[in-house]
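Structure file model-v8.tsv (TSV, C-alpha atoms) is printed below.
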```tsv
chain	number	residue	atom	x	y	z
A	1	MET	CA	117.25	111.43	122.93
A	2	GLY	CA	120.41	111.22	125.02
A	3	GLU	CA	123.92	112.56	124.74
A	4	GLY	CA	126.48	111.90	122.04
A	5	LYS	CA	126.63	112.15	118.29
A	6	ASN	CA	123.77	111.24	115.99
A	7	LEU	CA	123.95	107.77	114.50
A	8	VAL	CA	123.55	107.00	110.82
A	9	GLY	CA	119.95	105.89	110.34
A	10	VAL	CA	119.77	102.72	108.22
A	11	ASP	CA	116.31	101.74	106.97
A	12	ILE	CA	116.43	98.34	105.27
A	13	GLY	CA	113.01	98.20	103.61
A	14	ALA	CA	111.30	95.66	101.39
A	15	SER	CA	112.11	97.52	98.16
A	16	SER	CA	115.03	99.81	99.02
A	17	ILE	CA	117.63	100.86	101.55
A	18	LYS	CA	117.64	104.41	102.84
A	19	VAL	CA	120.39	106.00	104.97
A	20	ALA	CA	120.54	109.40	106.61
A	21	LEU	CA	122.83	111.31	108.96
A	22	LEU	CA	121.75	114.39	110.91
A	23	LYS	CA	123.65	116.80	113.08
A	24	ASP	CA	122.62	119.71	115.31
A	25	ALA	CA	123.02	123.04	113.55
A	26	ARG	CA	121.79	126.32	115.02
A	27	LYS	CA	118.94	124.86	117.06
A	28	LYS	CA	117.69	122.67	114.23
A	29	PHE	CA	118.81	119.45	112.59
A	30	GLN	CA	120.80	119.49	109.38
A	31	VAL	CA	121.01	116.64	106.88
A	32	VAL	CA	124.71	116.11	106.23
A	33	ARG	CA	124.54	112.78	104.35
A	34	TRP	CA	121.82	110.66	102.80
A	35	GLY	CA	121.42	107.83	100.32
A	36	PHE	CA	118.81	105.72	98.59
A	37	ALA	CA	119.24	102.46	96.69
A	38	PRO	CA	116.56	100.11	95.32
A	39	LEU	CA	116.60	96.39	96.11
A	40	PRO	CA	115.59	93.64	93.66
A	41	PRO	CA	112.11	92.15	94.22
A	42	GLN	CA	111.95	89.34	96.81
A	43	THR	CA	115.17	90.45	98.53
A	44	ILE	CA	113.19	90.94	101.74
A	45	ILE	CA	109.82	89.28	102.41
A	46	ASP	CA	107.76	90.21	105.49
A	47	GLY	CA	110.84	91.57	107.20
A	48	HIS	CA	112.86	88.39	106.54
A	49	VAL	CA	116.05	88.86	104.52
A	50	MET	CA	116.06	86.34	101.67
A	51	ASN	CA	119.21	87.57	99.90
A	52	ALA	CA	121.76	88.72	102.47
A	53	SER	CA	124.60	89.32	100.00
A	54	VAL	CA	122.55	91.84	97.99
A	55	VAL	CA	121.69	93.79	101.14
A	56	THR	CA	125.30	93.84	102.32
A	57	GLU	CA	126.64	94.89	98.91
A	58	THR	CA	124.02	97.64	98.64
A	59	LEU	CA	124.94	98.99	102.07
A	60	LEU	CA	128.65	98.97	101.24
A	61	LYS	CA	128.01	100.83	97.97
A	62	LEU	CA	125.71	103.40	99.62
A	63	PHE	CA	128.21	104.30	102.32
A	64	HIS	CA	131.04	104.44	99.76
A	65	ASP	CA	129.18	106.47	97.15
A	66	GLN	CA	127.79	108.96	99.67
A	67	LYS	CA	131.18	109.25	101.42
A	68	ILE	CA	129.71	108.38	104.83
A	69	SER	CA	132.72	107.79	107.04
A	70	GLN	CA	130.78	107.27	110.27
A	71	HIS	CA	130.05	103.57	110.84
A	72	ASP	CA	127.99	103.73	114.06
A	73	VAL	CA	124.38	103.14	112.98
A	74	ALA	CA	120.82	102.72	114.21
A	75	ILE	CA	118.69	100.11	112.45
A	76	GLY	CA	114.95	99.56	112.38
A	77	VAL	CA	112.96	96.32	112.54
A	78	TYR	CA	109.39	95.52	111.57
A	79	GLY	CA	107.19	92.61	110.53
A	80	GLN	CA	105.59	89.68	112.31
A	81	SER	CA	108.62	89.16	114.53
A	82	VAL	CA	107.86	92.46	116.32
A	83	ILE	CA	105.11	92.71	118.94
A	84	VAL	CA	103.92	95.89	120.63
A	85	ARG	CA	101.45	95.85	123.52
A	86	LYS	CA	100.11	98.50	125.85
A	87	ILE	CA	99.80	96.88	129.27
A	88	THR	CA	98.89	97.91	132.82
A	89	VAL	CA	100.92	96.79	135.84
A	90	PRO	CA	100.88	97.65	139.57
A	91	MET	CA	102.87	100.71	140.64
A	92	MET	CA	106.48	99.77	141.34
A	93	THR	CA	109.98	101.20	141.32
A	94	GLN	CA	112.29	101.11	138.30
A	95	ALA	CA	114.34	98.33	139.89
A	96	GLU	CA	111.22	96.28	140.65
A	97	LEU	CA	109.95	96.78	137.10
A	98	ASP	CA	113.26	95.70	135.56
A	99	GLU	CA	113.06	92.52	137.64
A	100	GLN	CA	109.38	91.91	136.91
A	101	ILE	CA	109.16	92.81	133.21
A	102	THR	CA	110.03	89.34	131.88
A	103	TRP	CA	107.18	87.77	133.86
A	104	GLU	CA	104.79	90.50	132.71
A	105	ALA	CA	105.88	89.99	129.11
A	106	GLU	CA	105.15	86.26	129.33
A	107	GLN	CA	101.49	87.08	129.95
A	108	HIS	CA	101.20	89.07	126.71
A	109	ILE	CA	103.72	87.65	124.21
A	110	PRO	CA	102.59	84.54	122.27
A	111	PHE	CA	106.16	83.24	121.83
A	112	ASP	CA	108.74	81.60	124.04
A	113	ILE	CA	110.00	84.56	126.04
A	114	LYS	CA	113.55	83.14	125.98
A	115	LEU	CA	113.58	83.73	122.22
A	116	MET	CA	112.58	87.37	122.52
A	117	SER	CA	114.33	90.65	123.26
A	118	ILE	CA	112.14	92.69	125.61
A	119	ASP	CA	111.99	96.44	126.13
A	120	TYR	CA	109.45	98.80	127.65
A	121	GLU	CA	108.61	102.43	128.29
A	122	VAL	CA	106.50	103.82	131.10
A	123	LEU	CA	103.68	105.77	129.44
A	124	ARG	CA	101.70	106.98	132.42
A	125	LYS	CA	101.69	106.55	136.20
A	126	ARG	CA	98.34	106.52	138.02
A	127	PRO	CA	99.17	106.55	141.75
A	128	ALA	CA	95.54	106.95	142.81
A	129	ALA	CA	94.71	103.65	141.13
A	130	GLY	CA	98.00	102.04	142.16
A	131	GLN	CA	98.77	101.30	138.51
A	132	MET	CA	101.07	102.32	135.69
A	133	ASP	CA	100.69	101.94	131.91
A	134	LEU	CA	103.59	100.51	129.92
A	135	LEU	CA	104.41	100.18	126.27
A	136	LEU	CA	105.82	96.66	126.00
A	137	VAL	CA	107.91	95.83	122.94
A	138	ALA	CA	109.27	92.43	121.99
A	139	ALA	CA	111.21	91.25	118.96
A	140	LYS	CA	112.61	87.85	118.09
A	141	LYS	CA	116.30	87.70	118.93
A	142	ASP	CA	117.03	85.79	115.72
A	143	GLU	CA	115.59	88.61	113.62
A	144	ILE	CA	117.57	91.28	115.46
A	145	ASN	CA	120.74	89.21	115.21
A	146	ASP	CA	120.19	88.57	111.48
A	147	TYR	CA	119.86	92.29	110.74
A	148	ALA	CA	122.80	93.13	112.97
A	149	ALA	CA	124.95	90.52	111.23
A	150	LEU	CA	124.07	91.99	107.83
A	151	VAL	CA	125.06	95.44	108.99
A	152	ARG	CA	128.32	94.17	110.45
A	153	GLU	CA	129.11	92.40	107.16
A	154	ALA	CA	128.94	95.87	105.61
A	155	LYS	CA	131.61	97.01	108.12
A	156	LEU	CA	129.07	98.99	110.19
A	157	ARG	CA	128.48	99.00	113.96
A	158	PRO	CA	124.81	98.69	114.97
A	159	LEU	CA	124.48	100.48	118.31
A	160	VAL	CA	120.68	100.93	118.46
A	161	VAL	CA	117.77	98.78	117.31
A	162	ASP	CA	114.43	100.57	117.06
A	163	ILE	CA	110.89	99.80	115.91
A	164	ASN	CA	109.98	101.52	112.65
A	165	ALA	CA	106.63	102.80	113.93
A	166	PHE	CA	108.32	104.62	116.81
A	167	THR	CA	111.07	106.13	114.65
A	168	ILE	CA	108.30	107.83	112.65
A	169	GLN	CA	106.69	109.07	115.86
A	170	ASN	CA	110.05	110.42	117.05
A	171	MET	CA	110.53	112.23	113.74
A	172	PHE	CA	107.04	113.72	113.88
A	173	GLU	CA	107.57	114.85	117.48
A	174	SER	CA	110.92	116.47	116.64
A	175	GLN	CA	109.28	118.43	113.82
A	176	HIS	CA	105.85	119.31	115.19
A	177	GLY	CA	105.54	118.06	118.76
A	178	LEU	CA	102.77	115.70	119.84
A	179	PRO	CA	99.34	117.25	120.51
A	180	PRO	CA	98.60	117.04	124.26
A	181	ASP	CA	94.83	116.87	123.87
A	182	ASN	CA	93.98	115.56	120.41
A	183	MET	CA	94.33	112.07	118.94
A	184	ILE	CA	96.25	111.64	115.69
A	185	ALA	CA	97.19	108.68	113.51
A	186	LEU	CA	100.56	108.31	111.81
A	187	ILE	CA	100.33	106.03	108.77
A	188	ASN	CA	103.47	105.00	106.92
A	189	ALA	CA	102.59	103.25	103.66
A	190	GLY	CA	105.72	101.57	102.38
A	191	ALA	CA	106.31	98.87	99.79
A	192	ALA	CA	105.34	95.73	101.75
A	193	VAL	CA	103.87	97.01	105.02
A	194	THR	CA	101.58	99.83	106.10
A	195	THR	CA	102.31	100.88	109.67
A	196	LEU	CA	99.65	102.50	111.82
A	197	ASN	CA	100.45	104.31	115.08
A	198	ILE	CA	97.65	106.08	116.97
A	199	ILE	CA	98.85	108.71	119.43
A	200	THR	CA	96.49	109.83	122.18
A	201	LYS	CA	97.37	112.82	124.35
A	202	GLY	CA	101.01	112.60	123.35
A	203	VAL	CA	101.35	108.85	123.98
A	204	SER	CA	101.36	105.94	121.53
A	205	SER	CA	98.20	103.99	122.36
A	206	PHE	CA	97.82	101.56	119.44
A	207	THR	CA	100.12	100.22	116.73
A	208	ARG	CA	99.44	97.77	113.94
A	209	GLU	CA	101.21	96.59	110.80
A	210	ILE	CA	99.05	95.86	107.77
A	211	THR	CA	100.70	93.47	105.30
A	212	ASN	CA	99.30	95.37	102.37
A	213	ALA	CA	101.00	98.39	100.85
A	214	GLY	CA	102.55	99.68	97.63
A	215	ASN	CA	103.65	96.26	96.33
A	216	PHE	CA	100.03	95.09	96.47
A	217	ILE	CA	98.99	97.95	94.18
A	218	THR	CA	101.86	97.19	91.79
A	219	ASP	CA	100.91	93.52	91.70
A	220	GLU	CA	97.27	94.35	90.97
A	221	ILE	CA	98.39	96.45	87.98
A	222	ARG	CA	100.67	93.65	86.79
A	223	LYS	CA	97.90	91.05	86.94
A	224	SER	CA	95.26	93.27	85.32
A	225	LEU	CA	97.42	94.51	82.44
A	226	GLY	CA	99.59	91.41	81.99
A	227	CYS	CA	102.75	93.51	82.10
A	228	SER	CA	106.06	93.05	83.90
A	229	TYR	CA	106.52	94.02	87.55
A	230	GLU	CA	108.89	96.81	86.49
A	231	GLN	CA	106.35	98.25	84.03
A	232	ALA	CA	103.56	98.01	86.62
A	233	GLU	CA	105.74	99.86	89.13
A	234	ALA	CA	106.41	102.57	86.54
A	235	TYR	CA	102.67	102.94	85.88
A	236	LYS	CA	102.01	103.20	89.63
A	237	CYS	CA	104.66	105.84	90.23
A	238	GLY	CA	103.81	107.81	87.09
A	239	GLY	CA	106.10	110.68	86.22
A	240	PRO	CA	106.52	113.37	83.59
A	241	THR	CA	107.51	110.91	80.84
A	242	GLU	CA	105.28	107.99	81.80
A	243	ILE	CA	101.95	107.65	79.97
A	244	VAL	CA	99.71	105.72	82.34
A	245	PRO	CA	96.92	103.74	80.64
A	246	HIS	CA	93.39	104.44	81.84
A	247	GLU	CA	93.04	100.80	82.92
A	248	ALA	CA	96.11	101.13	85.16
A	249	GLN	CA	94.67	104.27	86.71
A	250	GLN	CA	91.45	102.41	87.51
A	251	VAL	CA	93.38	99.56	89.12
A	252	ILE	CA	95.33	102.04	91.27
A	253	VAL	CA	92.06	103.58	92.50
A	254	GLN	CA	90.52	100.17	93.25
A	255	ALA	CA	93.62	98.80	95.00
A	256	SER	CA	93.98	102.02	97.01
A	257	ALA	CA	90.37	101.63	98.15
A	258	THR	CA	91.14	98.08	99.30
A	259	LEU	CA	94.14	99.24	101.34
A	260	ALA	CA	92.14	102.15	102.75
A	261	GLY	CA	89.48	99.68	103.85
A	262	GLU	CA	92.04	97.69	105.83
A	263	ILE	CA	93.33	100.87	107.45
A	264	GLN	CA	89.78	101.88	108.34
A	265	ARG	CA	89.09	98.52	110.00
A	266	SER	CA	92.13	99.04	112.24
A	267	LEU	CA	90.99	102.56	113.13
A	268	ASP	CA	87.47	101.30	113.87
A	269	PHE	CA	88.85	98.50	116.04
A	270	TYR	CA	90.84	100.93	118.15
A	271	LEU	CA	87.94	103.33	118.60
A	272	ALA	CA	85.58	100.48	119.52
A	273	THR	CA	87.93	98.97	122.12
A	274	SER	CA	89.50	102.10	123.60
A	275	GLY	CA	86.43	104.16	124.39
A	276	GLU	CA	87.93	107.11	122.48
A	277	SER	CA	85.50	109.09	120.35
A	278	GLU	CA	87.40	110.35	117.31
A	279	ILE	CA	90.71	110.74	115.54
A	280	HIS	CA	91.35	114.39	114.76
A	281	ARG	CA	93.90	114.09	111.94
A	282	ILE	CA	95.78	111.48	109.93
A	283	TYR	CA	99.35	112.04	108.73
A	284	LEU	CA	100.54	109.94	105.80
A	285	SER	CA	104.16	109.13	104.93
A	286	GLY	CA	106.09	106.39	103.12
A	287	GLY	CA	106.79	105.80	99.44
A	288	SER	CA	103.11	105.04	98.73
A	289	ALA	CA	102.05	108.35	100.29
A	290	TYR	CA	102.66	109.97	96.90
A	291	LEU	CA	99.68	108.08	95.47
A	292	LYS	CA	96.88	110.63	95.43
A	293	PRO	CA	94.14	107.94	95.13
A	294	LEU	CA	95.40	106.33	98.34
A	295	ALA	CA	95.26	109.55	100.36
A	296	GLU	CA	91.82	110.32	98.95
A	297	ALA	CA	90.53	106.83	99.76
A	298	VAL	CA	91.82	106.90	103.34
A	299	GLU	CA	90.34	110.36	103.96
A	300	LYS	CA	86.99	109.37	102.46
A	301	ARG	CA	86.68	106.16	104.49
A	302	ALA	CA	88.01	107.53	107.77
A	303	ARG	CA	86.13	110.83	107.46
A	304	VAL	CA	89.17	112.43	109.04
A	305	PRO	CA	91.35	115.18	107.49
A	306	ILE	CA	94.52	113.66	106.04
A	307	GLN	CA	97.81	115.48	105.63
A	308	PHE	CA	101.06	114.50	103.97
A	309	PHE	CA	103.82	114.22	106.58
A	310	ASP	CA	107.01	115.67	105.15
A	311	PRO	CA	109.79	114.79	107.63
A	312	THR	CA	112.20	117.19	105.91
A	313	VAL	CA	110.16	120.38	106.16
A	314	ASN	CA	112.03	121.78	109.18
A	315	LEU	CA	115.42	120.31	108.34
A	316	ALA	CA	118.38	122.28	107.06
A	317	VAL	CA	120.51	120.68	104.34
A	318	ASP	CA	124.28	120.70	103.90
A	319	SER	CA	124.34	121.56	100.21
A	320	ARG	CA	128.02	120.62	99.94
A	321	HIS	CA	127.19	116.95	100.31
A	322	VAL	CA	123.42	116.71	99.73
A	323	ASN	CA	121.52	117.26	96.49
A	324	GLU	CA	118.71	119.18	98.17
A	325	PRO	CA	116.05	119.04	95.40
A	326	LYS	CA	116.50	115.29	94.98
A	327	PHE	CA	116.53	114.69	98.74
A	328	ARG	CA	113.36	116.70	99.34
A	329	SER	CA	111.62	115.03	96.40
A	330	MET	CA	112.03	111.70	98.21
A	331	SER	CA	111.11	112.97	101.66
A	332	ALA	CA	108.28	110.50	102.29
A	333	GLN	CA	110.56	107.48	101.76
A	334	MET	CA	113.18	108.89	104.12
A	335	VAL	CA	111.05	109.18	107.27
A	336	VAL	CA	112.28	105.99	108.99
A	337	ALA	CA	115.96	106.61	108.18
A	338	LEU	CA	115.67	110.19	109.45
A	339	GLY	CA	113.89	109.03	112.60
A	340	LEU	CA	116.64	106.50	113.23
A	341	SER	CA	119.27	109.21	112.85
A	342	LEU	CA	117.72	111.07	115.77
A	343	ARG	CA	119.18	108.34	117.96
A	344	ARG	CA	122.56	108.97	119.56
A	345	ASP	CA	125.50	106.82	120.51
A	346	GLY	CA	125.34	107.81	124.20
A	347	GLU	CA	121.83	106.50	124.81
A	348	GLN	CA	121.04	103.90	127.42
A	349	ARG	CA	119.57	100.87	125.67
A	350	ARG	CA	118.46	97.41	126.61
A	351	TRP	CA	118.48	95.75	123.22
A	352	SER	CA	121.83	94.55	121.98
A	353	ALA	CA	122.61	94.21	118.33
```

Can you turn what I pasted into structure tokens?
Amino acid sequence: MGEGKNLVGVDIGASSIKVALLKDARKKFQVVRWGFAPLPPQTIIDGHVMNASVVTETLLKLFHDQKISQHDVAIGVYGQSVIVRKITVPMMTQAELDEQITWEAEQHIPFDIKLMSIDYEVLRKRPAAGQMDLLLVAAKKDEINDYAALVREAKLRPLVVDINAFTIQNMFESQHGLPPDNMIALINAGAAVTTLNIITKGVSSFTREITNAGNFITDEIRKSLGCSYEQAEAYKCGGPTEIVPHEAQQVIVQASATLAGEIQRSLDFYLATSGESEIHRIYLSGGSAYLKPLAEAVEKRARVPIQFFDPTVNLAVDSRHVNEPKFRSMSAQMVVALGLSLRRDGEQRRWSA
């Protein structure tokens, strides 16, 4: 991950903002600060910020209320402005690749390359074939700059920009390692987007964002029962004091099956085009991971064992500043923020924010 101190991970999601700060403590990470704050509906749509002042004010309040004095942060981006491709190029040196990558990106990115920020990682070198596999990542400069400007308005310094799917992978690897032989799928079901990342032999081999997630289920409840969005969200989340009507429960099951079907089509597409035979296990995270009907529907359709990915399971907690029961109860929502906080201020990076 590089040298230096851990950055504050700032996850600006469609329905909430999550922040987390880790530090090394006795050979494991310790959570020293964290925060969660909901955002009003329609604040962010498909990764585009529609109400900048609300986001800035929420960030300012979170950092103030949680007494987070460190202002160097890592932010995540997602949505249609982000493109990830696995590509193959001839073997070349690092210097040659740095010079060549823009031309290579032009062959695979369906946007004006001048409008994009480009980054890459070498996945595998195959000298016998004279080739190397790269993970090519591109994001629209305007989107990165918009998010960075928001963060700066909140008196923060964005030092690293990451892709949400890879922050989850980094968090999983830090907790459990990546299986060297088996193929796994990391699924993060959030409010607006479900992110899929298939990892084969320790390397990300396929990513996709599905624009269907928890908000879709809430909206289906709202339309079926004729209730407010807030009431539909309460029915979806349930809870010890919430009596969920049978009709709402049926809608949750049906909507979960619809989302599971979209996930399955992405899994089938990868298996059909990659030549791989099977996915050995699926790990589910994100706020919608708490929905039992969703996990059951994904497992049934994929015919693959599914497991809840708790990114906090191997983390220590500084109980002086962190309400541990509350933090652990929201573990699934915190995965991106925690993954971002694995990044450090001494890392080499190509993207500027």

Region 338-340 of chain A environment, 10 Å, only C-alpha atoms, sequence neighbours closer than 6 positions dropped, as JSON, numbers by chain
{"A": [6, 7, 8, 9, 10, 11, 18, 19, 20, 21, 22, 31, 34, 73, 74, 75, 76, 160, 161, 162, 163, 164, 165, 166, 167, 168, 169, 170, 171, 172, 173, 174, 311, 312, 331]}

Hey, which bits of region 152-263 of chain A sit within 12 Å of region 65-71 of chain A, and for each residue what's the closest pair of atoms and how far apart in Å (one decimal), counting all atoms listed in the file, rows by chain and increasing number, as a tab-separated table?
```
residue	atom	partner	partner_atom	distance
A:Arg152	CA	A:His71	CA	9.6
A:Glu153	CA	A:His71	CA	11.8
A:Ala154	CA	A:His71	CA	9.4
A:Lys155	CA	A:His71	CA	7.3
A:Leu156	CA	A:His71	CA	4.7
A:Arg157	CA	A:His71	CA	5.8
A:Pro158	CA	A:His71	CA	8.3
A:Leu159	CA	A:His71	CA	9.8
```

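The closest residue to Glu233 (chain A), picked from A:Ala185, A:Gly287, A:His246, A:Asp146 and counting only C-alpha atoms, is A:Gly287.
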
With distances taken over all atoms listed in the file, the candidate from A:Val32, A:Leu123, A:Ile17, A:Ala332 nearest Glu57 (chain A) is A:Ile17

Sorted by chain and rising residue number, list the residues of region 141-190 of chain A at most 12 Å from region 265-269 of chain A (counting only C-alpha atoms), each with its closest atom pair and distance in Å to one decimal, as CSV.
```
residue,atom,partner,partner_atom,distance
A:Met183,CA,A:Leu267,CA,11.6
A:Ile184,CA,A:Leu267,CA,10.8
A:Ala185,CA,A:Leu267,CA,8.7
A:Leu186,CA,A:Leu267,CA,11.2
A:Ile187,CA,A:Leu267,CA,10.9
```

Could you take the residues named above and write them with C-alpha atoms, as an mmCIF file, in the coordinates of the input?
```cif
data_model
loop_
_atom_site.group_PDB
_atom_site.id
_atom_site.type_symbol
_atom_site.label_atom_id
_atom_site.label_comp_id
_atom_site.auth_asym_id
_atom_site.auth_seq_id
_atom_site.Cartn_x
_atom_site.Cartn_y
_atom_site.Cartn_z
ATOM 1 C CA MET A 183 94.330 112.070 118.940
ATOM 2 C CA ILE A 184 96.250 111.640 115.690
ATOM 3 C CA ALA A 185 97.190 108.680 113.510
ATOM 4 C CA LEU A 186 100.560 108.310 111.810
ATOM 5 C CA ILE A 187 100.330 106.030 108.770
#
```

- request: Counting only C-alpha atoms, figure out which residue out of A:Ile118, A:Ile198, A:Ala260, A:Leu135 gets nearest to Thr88 (chain A).
  value: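 That would be A:Leu135, the residue with the smallest distance to Thr88 (chain A).
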
Please fill the gaps in region 314-331 of chain A so it has N, CA and C atoms, and write that as a PDB file, keeping the file's coordinate frame.
```pdb
ATOM      1  N   ASN A 314     111.307 120.904 108.255  1.00  0.00           N
ATOM      2  CA  ASN A 314     112.030 121.780 109.180  1.00  0.00           C
ATOM      3  C   ASN A 314     113.512 121.426 109.296  1.00  0.00           C
ATOM      4  N   LEU A 315     114.017 120.690 108.322  1.00  0.00           N
ATOM      5  CA  LEU A 315     115.420 120.310 108.340  1.00  0.00           C
ATOM      6  C   LEU A 315     116.237 121.234 107.443  1.00  0.00           C
ATOM      7  N   ALA A 316     117.412 121.599 107.920  1.00  0.00           N
ATOM      8  CA  ALA A 316     118.380 122.280 107.060  1.00  0.00           C
ATOM      9  C   ALA A 316     119.131 121.207 106.266  1.00  0.00           C
ATOM     10  N   VAL A 317     119.789 121.609 105.211  1.00  0.00           N
ATOM     11  CA  VAL A 317     120.510 120.680 104.340  1.00  0.00           C
ATOM     12  C   VAL A 317     121.908 121.212 104.084  1.00  0.00           C
ATOM     13  N   ASP A 318     122.900 120.354 104.237  1.00  0.00           N
ATOM     14  CA  ASP A 318     124.280 120.700 103.900  1.00  0.00           C
ATOM     15  C   ASP A 318     124.439 120.524 102.393  1.00  0.00           C
ATOM     16  N   SER A 319     124.341 121.621 101.670  1.00  0.00           N
ATOM     17  CA  SER A 319     124.340 121.560 100.210  1.00  0.00           C
ATOM     18  C   SER A 319     125.668 121.124  99.616  1.00  0.00           C
ATOM     19  N   ARG A 320     126.725 121.085 100.446  1.00  0.00           N
ATOM     20  CA  ARG A 320     128.020 120.620  99.940  1.00  0.00           C
ATOM     21  C   ARG A 320     128.000 119.126  99.656  1.00  0.00           C
ATOM     22  N   HIS A 321     127.187 118.399 100.415  1.00  0.00           N
ATOM     23  CA  HIS A 321     127.190 116.950 100.310  1.00  0.00           C
ATOM     24  C   HIS A 321     125.813 116.363  99.966  1.00  0.00           C
ATOM     25  N   VAL A 322     124.790 117.200  99.945  1.00  0.00           N
ATOM     26  CA  VAL A 322     123.420 116.710  99.730  1.00  0.00           C
ATOM     27  C   VAL A 322     122.800 117.444  98.557  1.00  0.00           C
ATOM     28  N   ASN A 323     122.296 116.691  97.591  1.00  0.00           N
ATOM     29  CA  ASN A 323     121.520 117.260  96.490  1.00  0.00           C
ATOM     30  C   ASN A 323     120.132 117.580  97.033  1.00  0.00           C
ATOM     31  N   GLU A 324     119.927 118.836  97.425  1.00  0.00           N
ATOM     32  CA  GLU A 324     118.710 119.180  98.170  1.00  0.00           C
ATOM     33  C   GLU A 324     117.424 118.917  97.388  1.00  0.00           C
ATOM     34  N   PRO A 325     117.305 119.312  96.105  1.00  0.00           N
ATOM     35  CA  PRO A 325     116.050 119.040  95.400  1.00  0.00           C
ATOM     36  C   PRO A 325     115.723 117.543  95.325  1.00  0.00           C
ATOM     37  N   LYS A 326     116.744 116.731  95.061  1.00  0.00           N
ATOM     38  CA  LYS A 326     116.500 115.290  94.980  1.00  0.00           C
ATOM     39  C   LYS A 326     116.126 114.726  96.347  1.00  0.00           C
ATOM     40  N   PHE A 327     116.827 115.169  97.392  1.00  0.00           N
ATOM     41  CA  PHE A 327     116.530 114.690  98.740  1.00  0.00           C
ATOM     42  C   PHE A 327     115.105 115.044  99.142  1.00  0.00           C
ATOM     43  N   ARG A 328     114.708 116.286  98.937  1.00  0.00           N
ATOM     44  CA  ARG A 328     113.360 116.700  99.340  1.00  0.00           C
ATOM     45  C   ARG A 328     112.286 116.046  98.488  1.00  0.00           C
ATOM     46  N   SER A 329     112.617 115.700  97.247  1.00  0.00           N
ATOM     47  CA  SER A 329     111.620 115.030  96.400  1.00  0.00           C
ATOM     48  C   SER A 329     111.325 113.621  96.873  1.00  0.00           C
ATOM     49  N   MET A 330     112.210 113.056  97.702  1.00  0.00           N
ATOM     50  CA  MET A 330     112.030 111.700  98.210  1.00  0.00           C
ATOM     51  C   MET A 330     111.765 111.700  99.710  1.00  0.00           C
ATOM     52  N   SER A 331     111.241 112.800 100.211  1.00  0.00           N
ATOM     53  CA  SER A 331     111.110 112.970 101.660  1.00  0.00           C
ATOM     54  C   SER A 331     110.264 111.884 102.314  1.00  0.00           C
TER      55      SER A 331
END
```
